[in-house]
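Accompanying notes for the structure given below.
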Amino acid sequence: MPRVGACQGESGLYVVVQRKWVVIKPRASLYLFDAESALRKAAGHRIDNTGYPELESRYTKMPLTLAVHPIREIRYGPATQLEGTALVLNLDELRRLVLEDASLASVDFEIVRPGESARAGPVFDIIEPRAKASGSSPDFPGVLGPPQIAGMGTTHVLQGAAVTVLREESDGDSRGAVGYILEMSGAPAEGSKYSSLHHLIVIPHAQPGLPSHARQKAYRLAGLKVAVRLGRAAMDDFPAWTQTFDTADEEPAAIPRIAYVGQIFSRQRKPEQGEQILYGADTEGMMPLVLHPNEWLDGAVLPSYHVSLGGAETYFYQNHPVISELYRRQGARELHFAGTVATVAAADNFDRERSCAFAAHLVKWVLRADAAVLTKFGGGVPHSDLGETARLLEGMGIRTAVQVTDLARDRRVESALLFNFPEVDAIVCIGGNGTAWQAPRVERSIAANPEMAERLAGPLEIQSLNVVGVANQQGASRLRTMIY
């Protein structure tokens, strides 16, 4: 009997029978979760998903289907389109798209490839090219699309590609004169996922005299618009595979309910004017709130403009490793993914006590979790919020695991943590200030101006916290701390 499954794409309902995709109804307004009856009519067979976990035919509550198109090459051409696993770019079209924003005077583009002797910076953001199919939630709601709930329907994904946006200058502060660097070869690159991707580098040049907040908003819009345009190149192509995410309907009694609590900003600093972090809004006055896991993966959450220590990129949120792992373990029936809480690190003790109490309350009484995974955002102060929330949860009978960064400059274990609660005893430490490399001069140095390009060309010493993708405090790091 043929194996049958389905997912919705821009061109219609995609049906796979014995691993072959066919379109059975162009522009069908059917989705993965209501495909069973359509498949029976089309194929005349009982649904059998054995061995096809991504082709789930049961009804689910809020399914998000990723239609994945692998990318092995990026090159220039007469039209923006996919040619097999090659992404072809029309630069004139992309330039017109970016310069619709009058805040920008000009824009440059570069392509870099895995293993190339290349370095680029300062990095503003890295985005995976994605686009929503018709009938789904919008692309980056509240920023590019209307402020509707993210995380539903079908998203086309160009896996292996990235849109990397550069700043015109480093914002200094904790990341120094060169800011975050994209390193494509050598020892620093081995520590970052981003060195394995094919990058379209976008270098926007703002109008003279533009205020900082307006300049950074222009950088954000440029990157997101290009990423969505590239994602739309896959709309009429069949995906190589699909993957569907949703919280489970069934809840076996023996399986623990696990929640995720993630900080998305630190009030050590005020958000920039008009900064777009959560559905296009800043986090000023934000209390902890429940998000469906799919909202994180599908454009609801964006990184702060501030390149915080071990911060996150849009690509990170789109591929959130903690959320992805909890989904994987739910699929293996090791746990029930109860949901997530998004929160911020507080600016003072009163705000901290209130925020931590509310976050713990949501995990206990709204998500009804048995255990929780917690991650932080920013520098040292957010450790306090992380530790206090975990302490409150442990007191409620909810087991916790927290992830932290070693911020101790003396490299002593006694200095590494900023909290010490005996009950919070499952701690993952991803390293911090103690790793650096002597990086050689590279053949290509990409920046917004010649002075920065020459500074980046090297040779230079690069700390792990300066290489984008190496030190991530929320689960995407390849570093770990060793006691010796």
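In the structure tokens, chains take the letters A, B, ... in the order shown, each chain's residues start at 1, and ligands count up from 1 in the order shown.
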
Backbone DSSP call of alpha helix (DSSP H) for stretch 323-392 of chain A, listed as a PyMOL selection string: chain A and resi 323-331+349-361+382-392

7 Å contact set for stretch 209-222 of chain A, only C-alpha atoms, chain neighbours under 6 positions out, as a PyMOL selection string: chain A and resi 98+103+165+272-273+305

Shell around A:Leu362 at 8 Å using only C-alpha atoms, local window under 3 positions removed, as a list in words: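 These residues fall inside the cut-off: Leu289, Val290, Val341, Phe358, Ala359, Trp365, Val366 and Leu367 of chain A.
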
Neighbour list for A:Pro147 as a PyMOL selection string, cut-off 10 Å, only C-alpha atoms, skip fewer than 2 positions in-chain: chain A and resi 137-145+149-150+279-281+300

Selection near A:Tyr315, 12 Å with only C-alpha atoms, sequence-local residues under 2 positions removed, as a PyMOL selection string: chain A and resi 124-130+157-165+193-194+197+223-224+227+296-299+301-303+311-313+317-321+468-469+476
